[in-house]
$ cat query_39.txt   # compact mmCIF, C-alpha atoms and all ligand atoms
# COMPACT_ATOMS: atom_id res chain seq x y z
CA MET K 4 -16.23 -6.40 -0.41
CA LEU K 5 -14.31 -5.40 -3.53
CA GLN K 6 -15.88 -1.93 -3.31
CA ASN K 7 -13.28 -1.15 -0.63
CA VAL K 8 -10.37 -2.07 -2.93
CA ALA K 9 -8.48 0.30 -5.23
CA ILE K 10 -5.65 -0.22 -7.70
CA VAL K 11 -2.92 2.42 -7.48
CA LEU K 12 -0.56 2.78 -10.46
CA VAL K 13 2.57 4.71 -9.55
CA ARG K 14 4.08 6.85 -12.33
CA PRO K 15 3.20 4.45 -15.20
CA LYS K 16 4.98 5.24 -18.46
CA ARG K 17 2.65 3.84 -21.10
CA ALA K 18 -1.01 4.72 -21.66
CA GLU K 19 -1.54 1.27 -23.24
CA ASN K 20 -0.55 -0.42 -19.99
CA VAL K 21 -2.85 1.81 -17.98
CA GLY K 22 -5.76 1.04 -20.33
CA ALA K 23 -5.06 -2.69 -20.10
CA ALA K 24 -4.75 -2.48 -16.29
CA VAL K 25 -8.11 -0.70 -16.07
CA ARG K 26 -9.70 -3.40 -18.23
CA ALA K 27 -8.27 -6.16 -16.02
CA ALA K 28 -9.51 -4.36 -12.89
CA VAL K 29 -13.04 -4.18 -14.31
CA ASN K 30 -12.87 -7.87 -15.34
CA MET K 31 -12.23 -8.70 -11.69
CA GLY K 32 -14.80 -6.38 -10.14
CA ILE K 33 -12.49 -3.62 -8.91
CA GLY K 34 -14.05 -0.22 -9.46
CA GLU K 35 -11.46 2.32 -8.30
CA ILE K 36 -8.15 3.25 -9.95
CA TRP K 37 -5.71 5.89 -8.80
CA LEU K 38 -2.79 7.16 -10.76
CA VAL K 39 0.19 8.75 -9.02
CA GLY K 40 2.00 11.27 -11.21
CA ASP K 41 1.84 14.75 -12.68
CA GLU K 42 -0.71 14.07 -15.39
CA LEU K 43 -2.99 11.35 -16.71
CA PRO K 44 -1.68 9.38 -19.73
CA ASP K 45 -3.22 9.90 -23.18
CA LYS K 46 -6.94 9.35 -22.68
CA ALA K 47 -7.77 8.20 -26.21
CA THR K 48 -5.16 5.42 -25.97
CA MET K 49 -6.37 4.33 -22.54
CA LEU K 50 -9.99 4.24 -23.74
CA ARG K 51 -9.09 2.24 -26.85
CA VAL K 52 -7.24 -0.44 -24.87
CA ALA K 53 -9.70 -0.50 -21.98
CA THR K 54 -12.62 -1.09 -24.46
CA HIS K 55 -16.08 0.37 -23.87
CA HIS K 56 -16.71 -2.09 -21.02
CA ALA K 57 -14.08 -0.39 -18.88
CA GLY K 58 -14.26 3.12 -20.36
CA HIS K 59 -16.23 4.40 -17.35
CA LEU K 60 -13.29 3.58 -15.07
CA VAL K 61 -10.86 5.45 -17.34
CA GLU K 62 -13.24 8.42 -17.14
CA LYS K 63 -13.32 8.41 -13.35
CA MET K 64 -9.64 7.57 -12.80
CA LYS K 65 -8.19 9.80 -10.09
CA LEU K 66 -4.81 11.54 -10.17
CA SER K 67 -2.66 12.16 -7.10
CA PRO K 68 0.68 14.04 -6.98
CA SER K 69 2.37 11.63 -4.56
CA LEU K 70 1.90 8.11 -3.29
CA ALA K 71 1.69 9.31 0.33
CA THR K 72 -1.15 11.73 -0.56
CA CYS K 73 -2.93 9.08 -2.56
CA LEU K 74 -2.74 6.50 0.24
CA ALA K 75 -3.89 8.87 3.02
CA PRO K 76 -7.45 7.42 3.29
CA PHE K 77 -6.41 3.76 2.93
CA SER K 78 -5.93 1.53 5.98
CA TRP K 79 -4.17 -1.43 4.40
CA VAL K 80 -1.64 -1.06 1.61
CA VAL K 81 -0.22 -3.92 -0.44
CA GLY K 82 2.85 -3.22 -2.58
CA THR K 83 3.77 -5.46 -5.51
CA SER K 84 7.26 -6.31 -6.64
CA ALA K 85 9.01 -8.48 -9.17
CA ARG K 86 12.27 -8.15 -7.34
CA LYS K 87 13.68 -10.79 -5.13
CA GLY K 88 15.84 -9.78 -2.24
CA ARG K 89 16.41 -6.09 -2.95
CA GLN K 90 13.89 -4.78 -0.47
CA ARG K 91 13.65 -5.16 3.26
CA HIS K 92 10.02 -6.39 3.28
CA SER K 93 9.52 -10.11 3.12
CA LEU K 94 7.54 -11.06 0.01
CA ALA K 95 4.20 -12.79 0.46
CA ARG K 96 2.81 -15.03 -2.26
CA PRO K 97 -0.44 -13.55 -3.72
CA ARG K 98 -2.61 -16.23 -2.12
CA ARG K 99 -1.21 -15.57 1.33
CA MET K 100 -1.68 -11.85 0.73
CA VAL K 101 -5.34 -12.49 -0.17
CA THR K 102 -5.90 -14.59 2.96
CA GLU K 103 -4.47 -11.73 4.98
CA ILE K 104 -6.53 -8.94 3.42
CA LEU K 105 -9.92 -10.68 3.12
CA PRO K 106 -10.85 -10.06 6.79
CA LYS K 107 -9.63 -6.45 6.51
CA MET K 108 -11.68 -5.60 3.42
CA ALA K 109 -15.04 -5.50 5.20
CA HIS K 110 -14.29 -2.37 7.26
CA ASN K 111 -11.10 -0.97 5.72
CA ARG K 112 -10.09 0.57 2.43
CA VAL K 113 -7.37 -1.51 0.80
CA ALA K 114 -4.92 -0.27 -1.86
CA LEU K 115 -2.98 -2.53 -4.24
CA VAL K 116 0.05 -0.56 -5.43
CA PHE K 117 1.94 -1.19 -8.69
CA GLY K 118 5.18 0.43 -9.82
CA PRO K 119 6.40 1.94 -13.09
CA GLU K 120 7.32 -0.37 -15.96
CA ASP K 121 11.05 0.38 -15.94
CA SER K 122 12.05 0.62 -12.31
CA GLY K 123 9.23 -0.75 -10.14
CA LEU K 124 8.35 0.71 -6.74
CA THR K 125 11.13 2.53 -4.88
CA ASN K 126 12.09 1.77 -1.30
CA ASP K 127 10.32 5.01 -0.30
CA ASP K 128 7.14 3.74 -1.98
CA LEU K 129 7.46 0.34 -0.27
CA ARG K 130 7.91 2.02 3.12
CA LEU K 131 4.25 3.09 2.86
CA CYS K 132 3.07 -0.50 2.37
CA ASN K 133 1.88 -2.90 5.09
CA MET K 134 3.01 -5.85 3.05
CA VAL K 135 4.57 -6.67 -0.32
CA THR K 136 3.48 -9.43 -2.64
CA SER K 137 5.34 -11.02 -5.53
CA ILE K 138 3.85 -13.24 -8.23
CA PRO K 139 5.95 -16.38 -8.52
CA THR K 140 7.56 -16.83 -11.92
CA ALA K 141 10.35 -18.80 -13.55
CA ASP K 142 13.75 -17.06 -13.71
CA PHE K 143 12.52 -13.92 -15.52
CA SER K 144 10.39 -12.37 -12.78
CA SER K 145 9.34 -9.03 -14.27
CA LEU K 146 5.79 -9.17 -15.67
CA ASN K 147 4.15 -6.55 -17.81
CA LEU K 148 2.41 -4.02 -15.53
CA ALA K 149 -1.13 -4.74 -16.77
CA GLN K 150 -0.55 -8.50 -16.56
CA ALA K 151 0.61 -8.13 -12.98
CA VAL K 152 -2.55 -6.11 -12.23
CA ALA K 153 -4.64 -8.87 -13.87
CA ILE K 154 -3.06 -11.69 -11.86
CA ILE K 155 -3.26 -9.92 -8.49
CA SER K 156 -6.85 -8.77 -9.16
CA TYR K 157 -7.80 -12.29 -10.21
CA GLU K 158 -6.36 -13.80 -7.04
CA LEU K 159 -8.35 -11.32 -4.98
CA PHE K 160 -11.57 -11.85 -6.93
CA TYR K 161 -11.19 -15.60 -6.66
CA GLY K 162 -10.45 -15.31 -2.94
CA VAL K 163 -13.65 -13.31 -2.43
CA VAL K 164 -15.75 -15.75 -4.47
CA GLU K 165 -14.31 -18.75 -2.62
CA SER K 166 -14.68 -17.16 0.79
CA ARG K 167 -18.46 -16.69 0.52
CA SER K 168 -19.04 -20.04 2.16
CA ALA K 169 -16.12 -19.86 4.54
CA GLU K 170 -16.10 -18.15 7.92
CA ILE K 171 -14.27 -14.85 7.83
CA LYS K 172 -14.07 -12.79 10.97
CA PRO K 173 -13.80 -9.16 9.82
CA THR K 174 -10.95 -7.10 11.26
CA ALA K 175 -11.97 -3.92 13.09
CA LYS K 176 -11.47 -0.52 11.48
CA LEU K 177 -7.76 0.25 11.32
CA ALA K 178 -6.03 3.65 11.32
CA CYS K 179 -5.70 5.09 7.83
CA SER K 180 -2.33 5.85 6.28
CA GLU K 181 -2.61 9.55 7.11
CA GLU K 182 -3.18 8.80 10.82
CA LEU K 183 -0.28 6.35 10.76
CA GLU K 184 2.05 8.92 9.16
CA TRP K 185 1.15 11.39 11.94
CA MET K 186 1.92 8.67 14.48
CA TYR K 187 5.30 7.83 12.88
CA GLY K 188 6.14 11.56 12.81
CA HIS K 189 5.46 11.75 16.56
CA ILE K 190 7.46 8.59 17.31
CA GLU K 191 10.47 9.94 15.40
CA GLU K 192 10.21 13.26 17.20
CA ALA K 193 10.04 11.44 20.56
CA LEU K 194 13.10 9.32 19.69
CA LYS K 195 15.01 12.46 18.73
CA SER K 196 13.97 14.29 21.88
CA MET K 197 15.61 11.58 23.97
CA GLY K 198 18.92 12.27 22.22
CA HIS K 199 20.32 8.76 22.63
CA LEU K 200 20.64 7.87 18.98
CA LYS K 201 23.04 9.08 16.31
CA GLU K 202 21.40 11.06 13.49
CA THR K 203 22.25 8.23 11.07
CA ASP K 204 20.46 5.63 13.23
CA TYR K 205 16.95 7.11 12.87
CA PRO K 206 16.15 5.62 9.43
CA TYR K 207 17.05 2.16 10.78
CA TRP K 208 14.86 2.54 13.87
CA MET K 209 11.99 4.10 11.98
CA HIS K 210 12.10 1.35 9.37
CA ASN K 211 11.77 -1.30 12.08
CA ILE K 212 9.03 0.58 13.92
CA ARG K 213 7.07 1.04 10.67
CA HIS K 214 7.53 -2.59 9.85
CA PHE K 215 6.28 -3.71 13.25
CA PHE K 216 3.19 -1.50 13.36
CA GLY K 217 2.51 -2.07 9.65
CA ARG K 218 2.53 -5.80 10.12
CA ILE K 219 0.18 -5.93 13.09
CA GLY K 220 -2.26 -3.22 11.95
CA VAL K 221 -3.01 -0.31 14.31
CA ARG K 222 -6.51 0.98 15.09
CA ALA K 223 -7.27 4.71 14.93
CA ARG K 224 -7.62 5.09 18.70
CA GLU K 225 -4.38 3.15 19.27
CA ALA K 226 -2.52 5.50 16.90
CA LYS K 227 -3.98 8.42 18.83
CA PHE K 228 -2.91 6.88 22.12
CA ILE K 229 0.67 6.39 20.88
CA ARG K 230 0.78 9.98 19.64
CA GLY K 231 -0.41 11.20 23.05
CA PHE K 232 2.23 9.07 24.75
CA CYS K 233 4.96 10.48 22.47
CA SER K 234 3.80 14.06 23.11
CA GLN K 235 4.13 13.44 26.87
CA LEU K 236 7.59 12.02 26.35
CA ILE K 237 8.63 14.99 24.21
CA SER K 238 7.44 17.48 26.83
CA ILE K 239 9.12 15.57 29.70
CA THR K 240 12.47 15.34 27.89
CA GLY K 241 12.09 19.03 26.91
CA GLU K 242 11.55 19.96 30.57
CA LYS K 243 14.61 17.98 31.65
CA LYS K 244 16.82 19.77 29.12
CA LYS K 245 15.86 23.19 30.52
N1 LIG Q 301 11.96 -3.79 -13.50
C1 LIG Q 301 10.96 -3.64 -12.50
C2 LIG Q 301 9.68 -4.31 -12.95
C3 LIG Q 301 8.64 -3.34 -13.15
S1 LIG Q 301 7.24 -4.11 -13.84
C4 LIG Q 301 11.42 -4.26 -11.21
O1 LIG Q 301 12.46 -4.86 -11.19
O2 LIG Q 301 10.74 -4.13 -10.20
C5 LIG Q 301 5.99 -2.98 -13.33
C6 LIG Q 301 5.23 -3.37 -12.10
O3 LIG Q 301 4.48 -4.56 -12.34
C7 LIG Q 301 6.06 -3.66 -10.87
O4 LIG Q 301 6.45 -2.50 -10.19
C8 LIG Q 301 5.04 -4.45 -10.04
O5 LIG Q 301 4.10 -3.56 -9.49
C9 LIG Q 301 4.36 -5.28 -11.13
N2 LIG Q 301 5.02 -6.59 -11.29
C10 LIG Q 301 5.76 -7.00 -12.32
N3 LIG Q 301 6.19 -8.27 -12.13
C11 LIG Q 301 5.68 -8.65 -10.93
C12 LIG Q 301 5.76 -9.86 -10.16
N4 LIG Q 301 6.43 -10.92 -10.54
N5 LIG Q 301 5.10 -9.88 -8.97
C13 LIG Q 301 4.39 -8.82 -8.53
N6 LIG Q 301 4.29 -7.66 -9.22
C14 LIG Q 301 4.92 -7.58 -10.40

$ encode --input "query_39.txt" --output "structure tokens" --more "lines below"
Ligand code: SAH
Amino acid sequence: MLQNVAIVLVRPKRAENVGAAVRAAVNMGIGEIWLVGDELPDKATMLRVATHHAGHLVEKMKLSPSLATCLAPFSWVVGTSARKGRQRHSLARPRRMVTEILPKMAHNRVALVFGPEDSGLTNDDLRLCNMVTSIPTADFSSLNLAQAVAIISYELFYGVVESRSAEIKPTAKLACSEELEWMYGHIEEALKSMGHLKETDYPYWMHNIRHFFGRIGVRAREAKFIRGFCSQLISITGEKKK
């Protein structure tokens, strides 16, 4: 099941942390790492820290210019955050997060997203996530990036190992992030075509709509249906305005 899981490191600053994160991912059976940014960190440093056991994953690490582009093929996205209370998502404990994603992993690609060492994930990054998880700590909540990757990957690995004997009913194939972004684009266009809201209200409405659909999980054909519905609405409101 872990073959459907990828670690995504957003704009990491230090090659050492990336190397250590890759090593932790390999320790826990995760075989795909994406890096969001303009260029890959210093390869020699990453290889040294990752050790030869994880060198292959450094070699095949993929680079993406933006988080949205990187997430396009994934159907379930988990953000990670040290922060308490500054974002609008509610924070799930890692074990609850694992319980939630285990049934999804059979038929869906899952991304675990980690932020940069200094600032963490932005609200725009978190908007692309279905859920956000936070590792419980004492007062000082900010872990080193690679240590956070290790803990989250461990929880997932352990969840998979433990679940072998348990009954897990796999979730059906969900829409991927790209299909969802098309759907949200159509919904926003439909809202605007109705002309009832003030320009400044759209972010609020879109945040809630994203949150709702993100939480329940939308299948590809449902996303297509909603887009079709919005297109109809847009053409009807367009006709009325003529
Ligand atoms: N100062 C930043 C911390 C960045 S640490 C902040 O306030 O968010 C780098 C990354 O490690 C974070 O973006 C997150 O992905 C992960 N991380 C660090 N501590 C974490 C915690 N307690 N729970 C979950 N993820 C954590």

$ residues_around --input "query_39.txt" --residues "K:Val163" --least-positions-apart "6" --cutoff "10 Å" --atoms "only C-alpha atoms" --output "CSV table (one decimal) with C-alpha atoms, keeping the file's coordinate frame"
chain,number,residue,atom,x,y,z
K,4,MET,CA,-16.2,-6.4,-0.4
K,5,LEU,CA,-14.3,-5.4,-3.5
K,101,VAL,CA,-5.3,-12.5,-0.2
K,102,THR,CA,-5.9,-14.6,3.0
K,105,LEU,CA,-9.9,-10.7,3.1
K,108,MET,CA,-11.7,-5.6,3.4
K,157,TYR,CA,-7.8,-12.3,-10.2
K,169,ALA,CA,-16.1,-19.9,4.5

$ residues_near_ligand --input "query_39.txt" --ligand "ligand LIG 301 (chain Q)" --cutoff "10 Å" --atoms "all atoms listed in the file" --output "PyMOL selection string"
chain K and resi 11-16+20+82-87+89+94-97+115-125+135-141+143-152+154-155

$ residues_around --input "query_39.txt" --residues "K:Cys179" --least-positions-apart "3" --cutoff "9 Å" --atoms "only C-alpha atoms" --output "list in words"
Leu74, Ala75, Pro76, Phe77, Ser78, Trp79, Asn111, Arg112, Lys176, Glu182, Leu183, Glu184, Val221, Arg222 and Ala223 of chain K

$ atom_distance --input "query_39.txt" --atom1 "atom CA of K:Asp45" --atom2 "atom CA of K:Val29"
19.3 Å

$ closest_residue --input "query_39.txt" --among "K:Ala18, K:Leu159, K:Val81, K:Met100" --to "K:Gly32" --atoms "only C-alpha atoms"
K:Leu159

$ closest_residue --input "query_39.txt" --among "K:Ser180, K:Thr72, K:Thr54, K:Thr203" --to "K:Asn133" --atoms "only C-alpha atoms"
K:Ser180

$ closest_residue --input "query_39.txt" --among "K:Ala47, K:Met197, K:Met209, K:Leu177" --to "K:Ile239" --atoms "only C-alpha atoms"
K:Met197

$ closest_residue --input "query_39.txt" --among "K:Ile190, K:His55, K:Pro173, K:Ala23" --to "K:Tyr205" --atoms "all atoms listed in the file"
K:Ile190

$ atom_distance --input "query_39.txt" --atom1 "atom CA of K:Phe232" --atom2 "atom CA of K:Ala114"
29.1 Å

$ closest_residue --input "query_39.txt" --among "K:His210, K:Lys244, K:Glu202, K:Trp185" --to "K:Ala226" --atoms "only C-alpha atoms"
K:Trp185

$ atom_distance --input "query_39.txt" --atom1 "atom CA of K:Ser156" --atom2 "atom CA of K:Ala28"
6.4 Å

$ decode --input "query_39.txt" --residues "stretch 145-168 of chain K" --atoms "N, CA and C atoms" --output "tab-separated table (two decimals), in the first residue's frame"
chain	number	residue	atom	x	y	z
K	145	SER	N	7.72	23.11	17.23
K	145	SER	CA	8.33	23.03	15.91
K	145	SER	C	9.48	22.01	15.87
K	146	LEU	N	9.23	20.89	15.18
K	146	LEU	CA	10.25	19.84	15.05
K	146	LEU	C	11.15	20.15	13.86
K	147	ASN	N	12.32	19.54	13.87
K	147	ASN	CA	13.17	19.59	12.69
K	147	ASN	C	12.42	18.90	11.53
K	148	LEU	N	12.57	19.44	10.33
K	148	LEU	CA	11.84	18.92	9.17
K	148	LEU	C	11.99	17.40	9.01
K	149	ALA	N	13.24	16.92	9.01
K	149	ALA	CA	13.48	15.48	8.78
K	149	ALA	C	12.90	14.63	9.92
K	150	GLN	N	12.92	15.19	11.14
K	150	GLN	CA	12.35	14.43	12.26
K	150	GLN	C	10.84	14.35	12.14
K	151	ALA	N	10.25	15.43	11.64
K	151	ALA	CA	8.79	15.39	11.41
K	151	ALA	C	8.46	14.36	10.34
K	152	VAL	N	9.28	14.32	9.27
K	152	VAL	CA	9.06	13.32	8.21
K	152	VAL	C	9.18	11.92	8.80
K	153	ALA	N	10.18	11.72	9.68
K	153	ALA	CA	10.39	10.39	10.28
K	153	ALA	C	9.18	9.97	11.12
K	154	ILE	N	8.68	10.89	11.94
K	154	ILE	CA	7.56	10.52	12.83
K	154	ILE	C	6.29	10.21	12.04
K	155	ILE	N	5.98	11.07	11.07
K	155	ILE	CA	4.76	10.85	10.28
K	155	ILE	C	4.89	9.55	9.47
K	156	SER	N	6.07	9.33	8.87
K	156	SER	CA	6.27	8.11	8.07
K	156	SER	C	6.19	6.87	8.95
K	157	TYR	N	6.72	6.98	10.16
K	157	TYR	CA	6.67	5.85	11.09
K	157	TYR	C	5.22	5.52	11.44
K	158	GLU	N	4.45	6.56	11.75
K	158	GLU	CA	3.04	6.32	12.12
K	158	GLU	C	2.32	5.61	10.98
K	159	LEU	N	2.62	6.02	9.76
K	159	LEU	CA	1.95	5.41	8.61
K	159	LEU	C	2.40	3.96	8.43
K	160	PHE	N	3.71	3.75	8.50
K	160	PHE	CA	4.26	2.40	8.37
K	160	PHE	C	3.66	1.47	9.43
K	161	TYR	N	3.64	1.96	10.65
K	161	TYR	CA	3.12	1.16	11.75
K	161	TYR	C	1.63	0.87	11.53
K	162	GLY	N	0.91	1.88	11.06
K	162	GLY	CA	-0.52	1.70	10.78
K	162	GLY	C	-0.73	0.62	9.73
K	163	VAL	N	0.11	0.61	8.70
K	163	VAL	CA	-0.02	-0.40	7.63
K	163	VAL	C	0.29	-1.79	8.19
K	164	VAL	N	1.37	-1.88	8.96
K	164	VAL	CA	1.76	-3.18	9.53
K	164	VAL	C	0.64	-3.72	10.43
K	165	GLU	N	0.13	-2.85	11.29
K	165	GLU	CA	-0.92	-3.25	12.23
K	165	GLU	C	-2.21	-3.63	11.53
K	166	SER	N	-2.48	-2.97	10.41
K	166	SER	CA	-3.78	-3.15	9.77
K	166	SER	C	-3.86	-4.45	8.98
K	167	ARG	N	-2.74	-5.14	8.79
K	167	ARG	CA	-2.77	-6.36	7.97
K	167	ARG	C	-3.87	-7.32	8.43
K	168	SER	N	-4.01	-7.42	9.77
K	168	SER	CA	-4.98	-8.39	10.25
K	168	SER	C	-6.38	-7.77	10.34
